[in-house]
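Quick look at run.csv (CSV, C-alpha atoms):
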```csv
chain,number,residue,atom,x,y,z
M,4,MET,CA,-13.8,-18.4,-56.0
M,5,ARG,CA,-13.7,-21.8,-54.3
M,6,GLN,CA,-11.2,-24.5,-55.1
M,7,PRO,CA,-12.0,-28.0,-53.5
M,8,ALA,CA,-9.1,-30.0,-52.2
M,9,ARG,CA,-8.6,-33.4,-50.8
M,10,LEU,CA,-6.5,-32.9,-47.6
M,11,LEU,CA,-6.7,-35.9,-45.4
M,12,ALA,CA,-6.8,-39.6,-46.6
M,13,GLY,CA,-9.7,-41.7,-45.5
M,14,GLY,CA,-10.1,-45.4,-44.5
M,15,ILE,CA,-9.2,-47.1,-41.2
M,16,GLY,CA,-6.9,-50.1,-41.4
M,17,SER,CA,-6.9,-52.6,-38.5
M,18,GLN,CA,-6.0,-56.2,-37.7
M,19,PHE,CA,-9.0,-58.3,-36.7
M,20,SER,CA,-10.1,-61.8,-36.1
M,21,PRO,CA,-12.8,-63.1,-38.6
M,22,ALA,CA,-14.1,-65.4,-35.8
M,23,GLY,CA,-16.9,-63.0,-34.9
M,24,SER,CA,-14.9,-59.9,-33.9
M,25,ASP,CA,-16.1,-56.4,-34.7
M,26,MET,CA,-14.3,-54.9,-37.7
M,27,GLY,CA,-15.3,-51.4,-36.6
M,28,ARG,CA,-16.3,-48.4,-38.6
M,29,GLY,CA,-14.5,-46.8,-41.5
M,30,SER,CA,-13.9,-43.3,-42.5
M,31,GLY,CA,-13.7,-41.2,-45.7
M,32,THR,CA,-11.5,-38.6,-47.3
M,33,THR,CA,-11.5,-35.2,-45.6
M,34,THR,CA,-12.1,-32.4,-48.1
M,35,ASP,CA,-12.1,-28.6,-47.7
M,36,VAL,CA,-12.0,-25.6,-49.9
M,37,PHE,CA,-9.4,-23.0,-50.8
M,38,GLN,CA,-10.8,-19.5,-51.5
M,39,LEU,CA,-9.4,-16.9,-53.8
M,40,THR,CA,-10.5,-13.3,-54.1
M,41,PRO,CA,-9.4,-11.9,-57.6
M,42,VAL,CA,-7.5,-8.6,-57.6
M,43,PHE,CA,-7.4,-6.1,-60.4
M,44,PHE,CA,-4.4,-4.5,-62.1
M,45,SER,CA,-4.2,-1.7,-64.6
M,46,PHE,CA,-1.5,-0.4,-66.9
M,47,ALA,CA,-2.1,3.1,-68.0
M,48,VAL,CA,-0.6,4.5,-71.2
M,49,GLU,CA,-1.1,7.9,-72.9
M,50,ILE,CA,0.3,9.8,-75.9
M,51,ASN,CA,-0.4,13.4,-77.0
M,52,LYS,CA,-3.0,13.8,-79.7
M,53,ASP,CA,-0.6,15.7,-81.9
M,54,VAL,CA,1.9,12.9,-81.8
M,55,GLU,CA,-0.9,10.5,-83.0
M,56,ALA,CA,-1.8,12.9,-85.8
M,57,TYR,CA,1.8,13.3,-86.9
M,58,THR,CA,2.5,9.5,-87.2
M,59,ASN,CA,-0.7,7.9,-88.4
M,60,THR,CA,0.3,7.3,-92.1
M,61,LYS,CA,3.5,6.0,-93.7
M,62,ALA,CA,3.9,9.3,-95.5
M,63,LYS,CA,4.3,11.1,-92.2
M,64,ALA,CA,6.4,8.6,-90.2
M,65,ILE,CA,8.0,5.2,-90.3
M,66,GLU,CA,6.0,4.1,-87.2
M,67,ASP,CA,2.4,4.7,-86.0
M,68,VAL,CA,3.1,5.8,-82.4
M,69,GLY,CA,-0.4,4.9,-81.3
M,70,LYS,CA,-0.1,1.2,-82.5
M,71,THR,CA,3.5,1.0,-81.2
M,72,GLU,CA,2.6,2.2,-77.7
M,73,LEU,CA,-0.3,-0.2,-77.4
M,74,GLN,CA,1.9,-3.2,-78.3
M,75,SER,CA,4.6,-2.0,-76.0
M,76,ALA,CA,2.0,-1.6,-73.2
M,77,LEU,CA,0.9,-5.2,-73.6
M,78,ASP,CA,4.4,-6.4,-73.4
M,79,GLN,CA,5.1,-4.3,-70.3
M,80,PHE,CA,1.9,-5.5,-68.6
M,81,ASN,CA,3.1,-9.0,-69.1
M,82,VAL,CA,6.4,-8.1,-67.5
M,83,LEU,CA,4.5,-6.6,-64.5
M,84,LEU,CA,2.5,-9.8,-64.0
M,85,GLU,CA,5.7,-11.9,-64.2
M,86,ALA,CA,7.3,-9.7,-61.6
M,87,LEU,CA,4.2,-10.1,-59.3
M,88,LEU,CA,4.4,-13.9,-59.8
M,89,ASN,CA,7.7,-13.8,-57.9
M,90,THR,CA,6.3,-12.1,-54.7
M,91,SER,CA,4.9,-13.2,-51.4
M,92,GLY,CA,1.3,-12.2,-52.3
M,93,ALA,CA,1.4,-8.8,-50.7
M,94,GLY,CA,2.4,-6.9,-53.9
M,95,ASP,CA,6.0,-6.7,-52.6
M,96,LEU,CA,8.2,-6.4,-55.6
M,97,GLY,CA,11.6,-6.3,-53.8
M,98,LEU,CA,13.7,-5.0,-50.9
M,99,ALA,CA,16.0,-2.1,-50.4
M,100,THR,CA,19.5,-3.2,-49.6
M,101,ALA,CA,20.7,0.2,-48.2
M,102,ALA,CA,19.5,3.6,-47.4
M,103,PRO,CA,19.1,5.8,-50.5
M,104,VAL,CA,21.8,8.1,-51.7
M,105,GLY,CA,19.9,11.1,-52.9
M,106,ASN,CA,17.4,9.8,-55.3
M,107,VAL,CA,19.3,6.5,-56.0
M,108,LEU,CA,18.2,3.3,-54.2
M,109,SER,CA,20.0,-0.1,-54.2
M,110,VAL,CA,17.7,-3.1,-54.3
M,111,ASP,CA,18.0,-6.9,-54.2
M,112,ASN,CA,16.7,-7.4,-57.8
M,113,ALA,CA,16.2,-4.3,-60.0
M,114,ASN,CA,14.6,-6.4,-62.7
M,115,GLN,CA,11.4,-6.6,-60.6
M,116,PHE,CA,10.8,-2.9,-61.5
M,117,ALA,CA,10.2,-0.8,-64.6
M,118,ASP,CA,11.0,2.7,-65.8
M,119,ASP,CA,8.3,5.3,-64.8
M,120,GLN,CA,6.8,2.9,-62.3
M,121,PRO,CA,5.4,4.4,-59.0
M,122,VAL,CA,6.1,2.3,-55.9
M,123,LEU,CA,5.4,2.3,-52.2
M,124,PHE,CA,7.7,1.8,-49.3
M,125,GLN,CA,7.0,0.0,-46.0
M,126,ASN,CA,9.2,-1.0,-43.1
M,127,GLY,CA,7.0,-4.0,-42.4
M,128,LEU,CA,3.8,-5.4,-44.0
M,129,GLY,CA,0.7,-3.7,-42.8
M,130,THR,CA,2.5,-0.5,-41.7
M,131,ALA,CA,1.9,3.0,-43.1
M,132,PRO,CA,3.7,3.8,-46.4
M,133,LEU,CA,6.8,5.9,-45.8
M,134,GLY,CA,6.2,9.5,-46.8
M,135,GLY,CA,2.4,8.7,-47.1
M,136,GLN,CA,2.6,8.5,-50.9
M,137,SER,CA,4.1,6.7,-53.9
M,138,TYR,CA,7.4,7.6,-55.5
M,139,GLN,CA,8.0,7.3,-59.2
M,140,ILE,CA,11.0,5.6,-60.7
M,141,LEU,CA,12.9,7.4,-63.5
M,142,SER,CA,15.1,4.6,-64.7
M,143,VAL,CA,16.1,1.1,-63.7
M,144,ASP,CA,19.8,0.3,-63.6
M,145,ALA,CA,19.7,-3.5,-63.7
M,146,LEU,CA,23.5,-4.1,-63.8
M,147,ASN,CA,24.1,-2.0,-60.7
M,148,LYS,CA,21.0,-3.2,-58.9
M,149,GLN,CA,19.7,0.3,-58.5
M,150,LEU,CA,16.6,2.4,-59.0
M,151,VAL,CA,16.9,6.0,-59.9
M,152,PHE,CA,13.8,8.1,-58.8
M,153,LYS,CA,12.4,11.3,-60.2
M,154,THR,CA,12.4,12.9,-56.8
M,155,ALA,CA,14.1,12.6,-53.4
M,156,LEU,CA,12.9,9.6,-51.4
M,157,PRO,CA,11.3,9.7,-47.9
M,158,GLY,CA,13.2,9.2,-44.7
M,159,GLY,CA,13.2,5.8,-43.0
M,160,ILE,CA,14.3,3.7,-45.9
M,161,VAL,CA,16.9,1.1,-44.7
M,162,ASN,CA,18.2,-2.3,-45.6
M,163,GLY,CA,15.2,-4.5,-45.7
M,164,THR,CA,12.6,-1.9,-46.5
M,165,ILE,CA,9.8,-3.4,-48.6
M,166,ILE,CA,9.0,-2.0,-52.0
M,167,LEU,CA,5.5,-2.6,-53.2
M,168,ILE,CA,3.4,-2.0,-56.3
M,169,ASN,CA,1.5,1.2,-56.1
M,170,GLY,CA,-2.1,0.6,-54.9
M,171,SER,CA,-1.3,-2.4,-52.8
M,172,PRO,CA,-2.6,-2.4,-49.2
M,173,GLY,CA,0.7,-4.0,-48.3
M,174,VAL,CA,-0.7,-6.8,-46.2
M,175,THR,CA,-0.3,-10.6,-46.7
M,176,GLY,CA,-2.6,-12.1,-49.3
M,177,SER,CA,-3.8,-8.8,-50.7
M,178,SER,CA,-2.3,-9.1,-54.2
M,179,LEU,CA,-1.4,-11.7,-56.8
M,180,PHE,CA,-0.2,-14.9,-55.1
M,181,GLY,CA,3.3,-15.5,-56.3
M,182,VAL,CA,5.9,-18.2,-56.0
M,183,GLU,CA,7.1,-17.1,-52.6
M,184,TYR,CA,3.5,-17.3,-51.3
M,185,LEU,CA,2.7,-20.7,-52.7
M,186,ASN,CA,6.1,-22.3,-52.0
M,187,LEU,CA,6.4,-21.8,-48.2
M,188,GLN,CA,7.4,-24.4,-45.6
M,189,ALA,CA,5.1,-23.6,-42.6
M,190,ASN,CA,2.4,-25.0,-40.5
M,191,THR,CA,1.2,-21.6,-39.3
M,192,GLY,CA,-0.7,-18.8,-40.9
M,193,THR,CA,-3.2,-19.3,-43.8
M,194,PHE,CA,-3.0,-20.5,-47.4
M,195,LEU,CA,-5.8,-19.4,-49.7
M,196,GLN,CA,-7.8,-18.5,-46.6
M,197,LEU,CA,-7.4,-22.0,-45.1
M,198,SER,CA,-5.6,-22.4,-41.8
M,199,ARG,CA,-2.4,-24.4,-42.2
M,200,ALA,CA,-2.6,-25.5,-38.6
M,201,ALA,CA,-5.9,-27.3,-39.4
M,202,TYR,CA,-4.0,-29.7,-41.6
M,203,PRO,CA,-0.4,-30.0,-40.3
M,204,GLY,CA,2.1,-31.1,-42.9
M,205,LYS,CA,-0.4,-30.9,-45.7
M,206,ILE,CA,-0.4,-27.3,-46.8
M,207,THR,CA,3.4,-26.8,-46.8
M,208,THR,CA,6.3,-27.0,-49.2
M,209,PRO,CA,9.5,-28.9,-48.6
M,210,HIS,CA,12.4,-26.6,-48.3
M,211,VAL,CA,16.2,-26.9,-48.2
M,212,ALA,CA,18.2,-24.0,-46.8
M,213,PHE,CA,21.7,-23.7,-48.3
M,214,GLY,CA,22.9,-21.7,-45.3
M,215,GLY,CA,25.2,-19.6,-47.5
M,216,GLN,CA,26.9,-22.7,-48.9
M,217,PRO,CA,27.4,-23.4,-52.6
M,218,LEU,CA,24.8,-25.4,-54.5
M,219,THR,CA,25.8,-29.1,-54.7
M,220,PRO,CA,24.2,-32.2,-56.3
M,221,GLN,CA,23.7,-33.5,-52.7
M,222,SER,CA,21.6,-30.5,-51.7
M,223,ALA,CA,19.6,-30.7,-54.9
M,224,ARG,CA,18.9,-34.4,-54.3
M,225,LEU,CA,17.9,-33.7,-50.7
M,226,GLY,CA,15.2,-31.3,-52.0
M,227,LEU,CA,13.8,-33.8,-54.4
M,228,GLN,CA,13.8,-36.5,-51.7
M,229,LEU,CA,11.9,-34.2,-49.3
M,230,VAL,CA,9.2,-33.9,-52.0
M,231,ARG,CA,8.9,-37.6,-52.3
M,232,ARG,CA,8.8,-38.0,-48.5
M,233,ALA,CA,5.9,-35.6,-48.3
M,234,MET,CA,4.0,-36.6,-51.4
M,235,GLY,CA,4.9,-40.1,-52.2
M,236,ALA,CA,7.7,-41.9,-54.2
M,237,LYS,CA,6.1,-41.1,-57.6
M,238,ALA,CA,5.3,-37.5,-56.7
M,239,LEU,CA,8.0,-35.9,-58.8
M,240,GLU,CA,6.8,-37.5,-62.0
M,241,GLU,CA,3.1,-37.1,-61.3
M,242,ALA,CA,3.4,-33.4,-60.5
M,243,SER,CA,5.3,-32.5,-63.7
M,244,LEU,CA,7.8,-30.4,-61.8
M,245,GLU,CA,9.7,-27.6,-63.5
M,246,PHE,CA,12.3,-25.6,-61.7
M,247,GLN,CA,12.6,-21.8,-61.8
M,248,PHE,CA,16.1,-20.3,-61.5
M,249,ASP,CA,17.4,-16.8,-61.3
M,250,LEU,CA,20.6,-16.0,-63.2
M,251,SER,CA,22.9,-16.5,-60.2
M,252,MET,CA,21.6,-20.0,-59.5
M,253,GLU,CA,21.8,-20.9,-63.2
M,254,ALA,CA,25.5,-20.1,-63.0
M,255,ALA,CA,25.9,-21.9,-59.8
M,256,TRP,CA,24.3,-25.1,-61.2
M,257,GLU,CA,26.5,-24.9,-64.3
M,258,ASN,CA,29.6,-24.5,-62.1
M,259,VAL,CA,28.7,-27.8,-60.4
M,260,GLY,CA,29.4,-29.5,-63.7
M,261,LEU,CA,32.4,-27.4,-64.7
M,262,VAL,CA,34.4,-28.2,-61.6
M,263,VAL,CA,34.4,-31.9,-62.5
M,264,THR,CA,34.9,-31.4,-66.2
M,265,GLN,CA,38.1,-33.0,-67.5
M,266,VAL,CA,39.8,-32.6,-70.9
M,267,ILE,CA,42.8,-34.7,-72.0
M,268,GLN,CA,44.5,-32.2,-74.4
M,269,ASN,CA,46.7,-34.7,-76.3
M,270,GLN,CA,43.7,-36.8,-77.2
M,271,LEU,CA,41.9,-33.9,-79.0
M,272,THR,CA,41.9,-33.7,-82.8
M,273,GLY,CA,42.2,-30.5,-84.8
M,274,SER,CA,44.3,-27.4,-84.2
M,275,SER,CA,42.2,-25.6,-81.6
M,276,SER,CA,41.9,-26.2,-77.9
M,277,GLU,CA,38.6,-27.4,-76.5
M,278,ASP,CA,36.0,-24.7,-75.7
M,279,MET,CA,35.4,-25.4,-72.0
M,280,LEU,CA,32.0,-23.6,-72.0
M,281,LYS,CA,29.0,-24.5,-74.1
M,282,LYS,CA,26.8,-21.9,-75.8
M,283,SER,CA,24.1,-22.2,-73.2
M,284,ALA,CA,23.8,-23.2,-69.5
M,285,PRO,CA,22.1,-26.5,-68.5
M,286,LYS,CA,18.5,-26.8,-69.5
M,287,SER,CA,17.6,-29.4,-66.8
M,288,PHE,CA,18.0,-29.7,-63.0
M,289,CYS,CA,18.5,-33.3,-61.8
M,290,GLY,CA,16.8,-34.4,-65.1
M,291,TYR,CA,13.8,-32.1,-64.7
M,292,PRO,CA,13.1,-29.1,-67.0
M,293,MET,CA,14.4,-25.8,-65.7
M,294,PHE,CA,13.8,-22.2,-66.9
M,295,VAL,CA,15.4,-19.0,-66.0
M,296,SER,CA,13.6,-15.8,-65.0
M,297,ILE,CA,15.3,-12.4,-64.4
M,298,HIS,CA,12.4,-11.8,-61.9
M,299,ALA,CA,13.2,-14.8,-59.7
M,300,LYS,CA,14.6,-14.0,-56.3
M,301,PRO,CA,18.4,-14.2,-56.3
M,302,GLY,CA,19.8,-17.3,-54.6
M,303,ARG,CA,16.5,-19.3,-54.7
M,304,ILE,CA,15.4,-22.3,-56.8
M,305,ASP,CA,11.6,-23.2,-56.9
M,306,GLY,CA,10.0,-26.4,-58.1
M,307,ILE,CA,6.7,-25.5,-59.7
M,308,PRO,CA,4.2,-28.4,-60.3
M,309,LEU,CA,2.5,-27.0,-63.4
M,310,LYS,CA,-0.3,-29.6,-63.2
M,311,HIS,CA,-1.4,-28.0,-60.0
M,312,TRP,CA,-1.2,-24.4,-61.1
M,313,GLY,CA,-3.9,-22.3,-62.7
M,314,ARG,CA,-5.5,-18.9,-63.0
M,315,ALA,CA,-8.7,-17.7,-61.5
M,316,GLU,CA,-10.1,-15.0,-63.8
M,317,CYS,CA,-13.2,-12.9,-63.4
M,318,GLN,CA,-12.4,-10.5,-66.3
M,319,ALA,CA,-10.1,-11.3,-69.2
M,320,ILE,CA,-7.2,-9.0,-69.8
M,321,ASP,CA,-8.4,-6.3,-72.3
M,322,PHE,CA,-8.5,-2.6,-73.1
M,323,MET,CA,-10.7,-0.5,-71.0
```
Hey, can you dump this file as structure tokens for me?
Amino acid sequence: MRQPARLLAGGIGSQFSPAGSDMGRGSGTTTDVFQLTPVFFSFAVEINKDVEAYTNTKAKAIEDVGKTELQSALDQFNVLLEALLNTSGAGDLGLATAAPVGNVLSVDNANQFADDQPVLFQNGLGTAPLGGQSYQILSVDALNKQLVFKTALPGGIVNGTIILINGSPGVTGSSLFGVEYLNLQANTGTFLQLSRAAYPGKITTPHVAFGGQPLTPQSARLGLQLVRRAMGAKALEEASLEFQFDLSMEAAWENVGLVVTQVIQNQLTGSSSEDMLKKSAPKSFCGYPMFVSIHAKPGRIDGIPLKHWGRAECQAIDFM
């Protein structure tokens, strides 16, 4: 699939003398095309025939297992796609944060995975899968950031080992393009099969590194200003930016406001002290809408210009 793009502005501005001097030639906008190759995903579900027979009427059971499993499968498939939308485009769902202990593995974000899911391990994109096969998760322990597997894991898993969706070739650009693929500050490599180096500064995303420091209004404003510097003073409004947060960054943004909150106790009415925490965390970031995803990479905030996002689809999601 080809997506046309305007990448370089056209027109040549010059000062000249109208007393017979040559105004010179002009130029036009430079266009090129991004190219997308759709990839396919499946979500396989099965139940035993006897279970279907035992539950297919209200006289036999309170739930029809066949219908319940199909609905659950659709919900879980949507969860899988949301997880993939927070990857670098290689099918990489997350990273190990330590060597496994038996069949238990600590990861950076356990919410990227699901019970019963088979996954692959690589110590670098493009390398052979560790153990030469996939390994199936038994249970996801989100609170402890751990995955419990059905069998022992292969040797070679260390802090930083890449965990991928089963079936992925494990190379850049081979899977669904996610936020980490699209929001990248670089002038090297490719973007949708177009060389970034061919258009320096154009196919790149402004980025502010916190460097391990707390989130502040100043760093937030810097990020917004870099977008305006790259795209124009009105870019923020024109792009309809919304900001994706993970749970830790949502708490960090709320803390920015809490540290400057002041309550004068003797000016309050009623017999109860003021509740210092509202029911919900902030719903906006510097005045722009924000949303929280448990799949988002911890410690990262991404501005997503929804007007510029879309989906290339060859075959609609359906039952096979």
Write out as a PDB file with C-alpha atoms, in the coordinates of the input which residues come within 8 Å of stretch 307-315 of chain M when counting all atoms listed in the file, dropping same-chain ones fewer than 3 positions away.
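Output below, filename result07.pdb:
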```pdb
ATOM      1  CA  MET M   4     -13.800 -18.400 -56.000  1.00  0.00           C
ATOM      2  CA  LEU M  39      -9.400 -16.900 -53.800  1.00  0.00           C
ATOM      3  CA  PRO M  41      -9.400 -11.900 -57.600  1.00  0.00           C
ATOM      4  CA  ALA M 242       3.400 -33.400 -60.500  1.00  0.00           C
ATOM      5  CA  SER M 243       5.300 -32.500 -63.700  1.00  0.00           C
ATOM      6  CA  LEU M 244       7.800 -30.400 -61.800  1.00  0.00           C
ATOM      7  CA  GLU M 245       9.700 -27.600 -63.500  1.00  0.00           C
ATOM      8  CA  PHE M 246      12.300 -25.600 -61.700  1.00  0.00           C
ATOM      9  CA  GLN M 247      12.600 -21.800 -61.800  1.00  0.00           C
TER      10      GLN M 247
END
```
From the options M:Pro217, M:Gly127, M:Gly69, M:Gly163, which residue's atoms come nearest to M:Val110, counting all atoms listed in the file?
M:Gly163
Give me, please, the distance in Å between atom CA of M:Gly159 and atom CA of M:Gly135, quoted to one decimal.
11.9 Å
If you count all atoms listed in the file, which residues fall within 12 Å of M:Gln221, apart from same-chain ones fewer than 4 positions away, as a VMD selection string?
chain M and resid 211 213 216 to 217 225 to 228 256 259 289
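If all atoms listed in the file are the atoms counted, then among M:Thr32, M:Ser276, M:Thr130, M:Thr90 the closest residue to M:Gly181 is M:Thr90.
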With a cut-off of 12 Å, could you pull out the residues of stretch 8-110 of chain M touching stretch 141-158 of chain M and give me the nearest pair of atoms for each, distance in Å to one decimal, using all atoms listed in the file, ordered by chain and ascending number, as a Markdown table?
```
| residue | atom | partner | partner_atom | distance |
| --- | --- | --- | --- | --- |
| M:Gly97 | CA | M:Lys148 | CA | 11.1 |
| M:Leu98 | CA | M:Lys148 | CA | 11.0 |
| M:Ala99 | CA | M:Gln149 | CA | 9.2 |
| M:Thr100 | CA | M:Lys148 | CA | 9.4 |
| M:Ala101 | CA | M:Gln149 | CA | 10.3 |
| M:Ala102 | CA | M:Gly158 | CA | 8.9 |
| M:Pro103 | CA | M:Leu156 | CA | 7.3 |
| M:Val104 | CA | M:Leu156 | CA | 9.0 |
| M:Gly105 | CA | M:Ala155 | CA | 6.0 |
| M:Asn106 | CA | M:Ala155 | CA | 4.7 |
| M:Val107 | CA | M:Val151 | CA | 4.6 |
| M:Leu108 | CA | M:Leu150 | CA | 5.1 |
| M:Ser109 | CA | M:Gln149 | CA | 4.3 |
| M:Val110 | CA | M:Lys148 | CA | 5.7 |
```
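A straight line drawn from atom CA of M:Tyr202 to atom CA of M:Ala223 is 27.1 Å long.
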Can you tell me which residues surround M:Pro121 at a distance of at most 7 Å, considering only C-alpha atoms, apart from same-chain residues fewer than 6 positions away, and format the answer as a list in words?
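Selected residues are Ser137, Tyr138, Gln139, Ile140 and Asn169 of chain M.
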Keeping only C-alpha atoms, write those residues as a CSV table (one decimal), in the frame of the given file.
```csv
chain,number,residue,atom,x,y,z
M,137,SER,CA,4.1,6.7,-53.9
M,138,TYR,CA,7.4,7.6,-55.5
M,139,GLN,CA,8.0,7.3,-59.2
M,140,ILE,CA,11.0,5.6,-60.7
M,169,ASN,CA,1.5,1.2,-56.1
```
Residue nearest M:Thr207 - candidates M:Ile50, M:Ile166, M:Ala189, M:Leu195, atoms counted: only C-alpha atoms
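Ranked by minimum distance to M:Thr207, first place goes to M:Ala189.
If you look at atom CA of M:Ser171 and atom CA of M:Gly94, they are 5.9 Å away from each other.
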Produce stretch 82-99 of chain M of the given structure as output with N, CA, C and O atoms, as a PDB file, in the first residue's frame.
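Output contents, as saved in result22.pdb:
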```pdb
ATOM      1  N   VAL M  82      -7.187  -6.712  22.861  1.00  0.00           N
ATOM      2  CA  VAL M  82      -6.104  -6.480  23.818  1.00  0.00           C
ATOM      3  C   VAL M  82      -4.754  -6.745  23.156  1.00  0.00           C
ATOM      4  O   VAL M  82      -3.788  -5.992  23.345  1.00  0.00           O
ATOM      5  N   LEU M  83      -4.670  -7.814  22.374  1.00  0.00           N
ATOM      6  CA  LEU M  83      -3.425  -8.133  21.665  1.00  0.00           C
ATOM      7  C   LEU M  83      -3.037  -7.006  20.714  1.00  0.00           C
ATOM      8  O   LEU M  83      -1.867  -6.593  20.663  1.00  0.00           O
ATOM      9  N   LEU M  84      -3.986  -6.492  19.956  1.00  0.00           N
ATOM     10  CA  LEU M  84      -3.679  -5.419  19.008  1.00  0.00           C
ATOM     11  C   LEU M  84      -3.240  -4.151  19.735  1.00  0.00           C
ATOM     12  O   LEU M  84      -2.337  -3.441  19.280  1.00  0.00           O
ATOM     13  N   GLU M  85      -3.866  -3.852  20.878  1.00  0.00           N
ATOM     14  CA  GLU M  85      -3.451  -2.673  21.638  1.00  0.00           C
ATOM     15  C   GLU M  85      -2.030  -2.847  22.165  1.00  0.00           C
ATOM     16  O   GLU M  85      -1.254  -1.897  22.199  1.00  0.00           O
ATOM     17  N   ALA M  86      -1.696  -4.072  22.572  1.00  0.00           N
ATOM     18  CA  ALA M  86      -0.334  -4.332  23.019  1.00  0.00           C
ATOM     19  C   ALA M  86       0.653  -4.109  21.879  1.00  0.00           C
ATOM     20  O   ALA M  86       1.710  -3.485  22.053  1.00  0.00           O
ATOM     21  N   LEU M  87       0.317  -4.584  20.681  1.00  0.00           N
ATOM     22  CA  LEU M  87       1.206  -4.421  19.532  1.00  0.00           C
ATOM     23  C   LEU M  87       1.334  -2.963  19.115  1.00  0.00           C
ATOM     24  O   LEU M  87       2.351  -2.566  18.539  1.00  0.00           O
ATOM     25  N   LEU M  88       0.307  -2.155  19.400  1.00  0.00           N
ATOM     26  CA  LEU M  88       0.390  -0.726  19.075  1.00  0.00           C
ATOM     27  C   LEU M  88       1.355   0.017  19.990  1.00  0.00           C
ATOM     28  O   LEU M  88       1.606   1.201  19.786  1.00  0.00           O
ATOM     29  N   ASN M  89       1.907  -0.663  20.978  1.00  0.00           N
ATOM     30  CA  ASN M  89       2.915  -0.054  21.840  1.00  0.00           C
ATOM     31  C   ASN M  89       4.241  -0.802  21.705  1.00  0.00           C
ATOM     32  O   ASN M  89       4.902  -1.140  22.688  1.00  0.00           O
ATOM     33  N   THR M  90       4.633  -1.065  20.444  1.00  0.00           N
ATOM     34  CA  THR M  90       5.882  -1.744  20.148  1.00  0.00           C
ATOM     35  C   THR M  90       6.670  -0.950  19.113  1.00  0.00           C
ATOM     36  O   THR M  90       6.197   0.067  18.595  1.00  0.00           O
ATOM     37  N   SER M  91       7.860  -1.454  18.781  1.00  0.00           N
ATOM     38  CA  SER M  91       8.729  -0.779  17.813  1.00  0.00           C
ATOM     39  C   SER M  91       8.488  -1.251  16.391  1.00  0.00           C
ATOM     40  O   SER M  91       9.242  -0.874  15.482  1.00  0.00           O
ATOM     41  N   GLY M  92       7.471  -2.090  16.177  1.00  0.00           N
ATOM     42  CA  GLY M  92       7.190  -2.567  14.829  1.00  0.00           C
ATOM     43  C   GLY M  92       7.861  -3.881  14.490  1.00  0.00           C
ATOM     44  O   GLY M  92       7.789  -4.341  13.353  1.00  0.00           O
ATOM     45  N   ALA M  93       8.513  -4.515  15.472  1.00  0.00           N
ATOM     46  CA  ALA M  93       9.163  -5.803  15.238  1.00  0.00           C
ATOM     47  C   ALA M  93       8.418  -6.946  15.918  1.00  0.00           C
ATOM     48  O   ALA M  93       8.918  -8.064  15.971  1.00  0.00           O
ATOM     49  N   GLY M  94       7.230  -6.645  16.476  1.00  0.00           N
ATOM     50  CA  GLY M  94       6.509  -7.655  17.226  1.00  0.00           C
ATOM     51  C   GLY M  94       7.048  -7.838  18.630  1.00  0.00           C
ATOM     52  O   GLY M  94       6.723  -8.807  19.310  1.00  0.00           O
ATOM     53  N   ASP M  95       7.868  -6.874  19.078  1.00  0.00           N
ATOM     54  CA  ASP M  95       8.509  -6.953  20.395  1.00  0.00           C
ATOM     55  C   ASP M  95       7.561  -6.429  21.463  1.00  0.00           C
ATOM     56  O   ASP M  95       7.317  -5.246  21.564  1.00  0.00           O
ATOM     57  N   LEU M  96       7.051  -7.331  22.294  1.00  0.00           N
ATOM     58  CA  LEU M  96       6.052  -6.952  23.291  1.00  0.00           C
ATOM     59  C   LEU M  96       6.669  -6.383  24.560  1.00  0.00           C
ATOM     60  O   LEU M  96       6.021  -5.633  25.292  1.00  0.00           O
ATOM     61  N   GLY M  97       7.897  -6.740  24.865  1.00  0.00           N
ATOM     62  CA  GLY M  97       8.512  -6.237  26.082  1.00  0.00           C
ATOM     63  C   GLY M  97       9.916  -6.775  26.255  1.00  0.00           C
ATOM     64  O   GLY M  97      10.474  -7.432  25.359  1.00  0.00           O
ATOM     65  N   LEU M  98      10.476  -6.507  27.434  1.00  0.00           N
ATOM     66  CA  LEU M  98      11.852  -6.899  27.735  1.00  0.00           C
ATOM     67  C   LEU M  98      11.903  -7.651  29.058  1.00  0.00           C
ATOM     68  O   LEU M  98      11.172  -7.328  29.999  1.00  0.00           O
ATOM     69  N   ALA M  99      12.776  -8.637  29.121  1.00  0.00           N
ATOM     70  CA  ALA M  99      13.094  -9.258  30.400  1.00  0.00           C
ATOM     71  C   ALA M  99      13.926  -8.274  31.210  1.00  0.00           C
ATOM     72  O   ALA M  99      14.731  -7.516  30.653  1.00  0.00           O
TER      73      ALA M  99
END
```
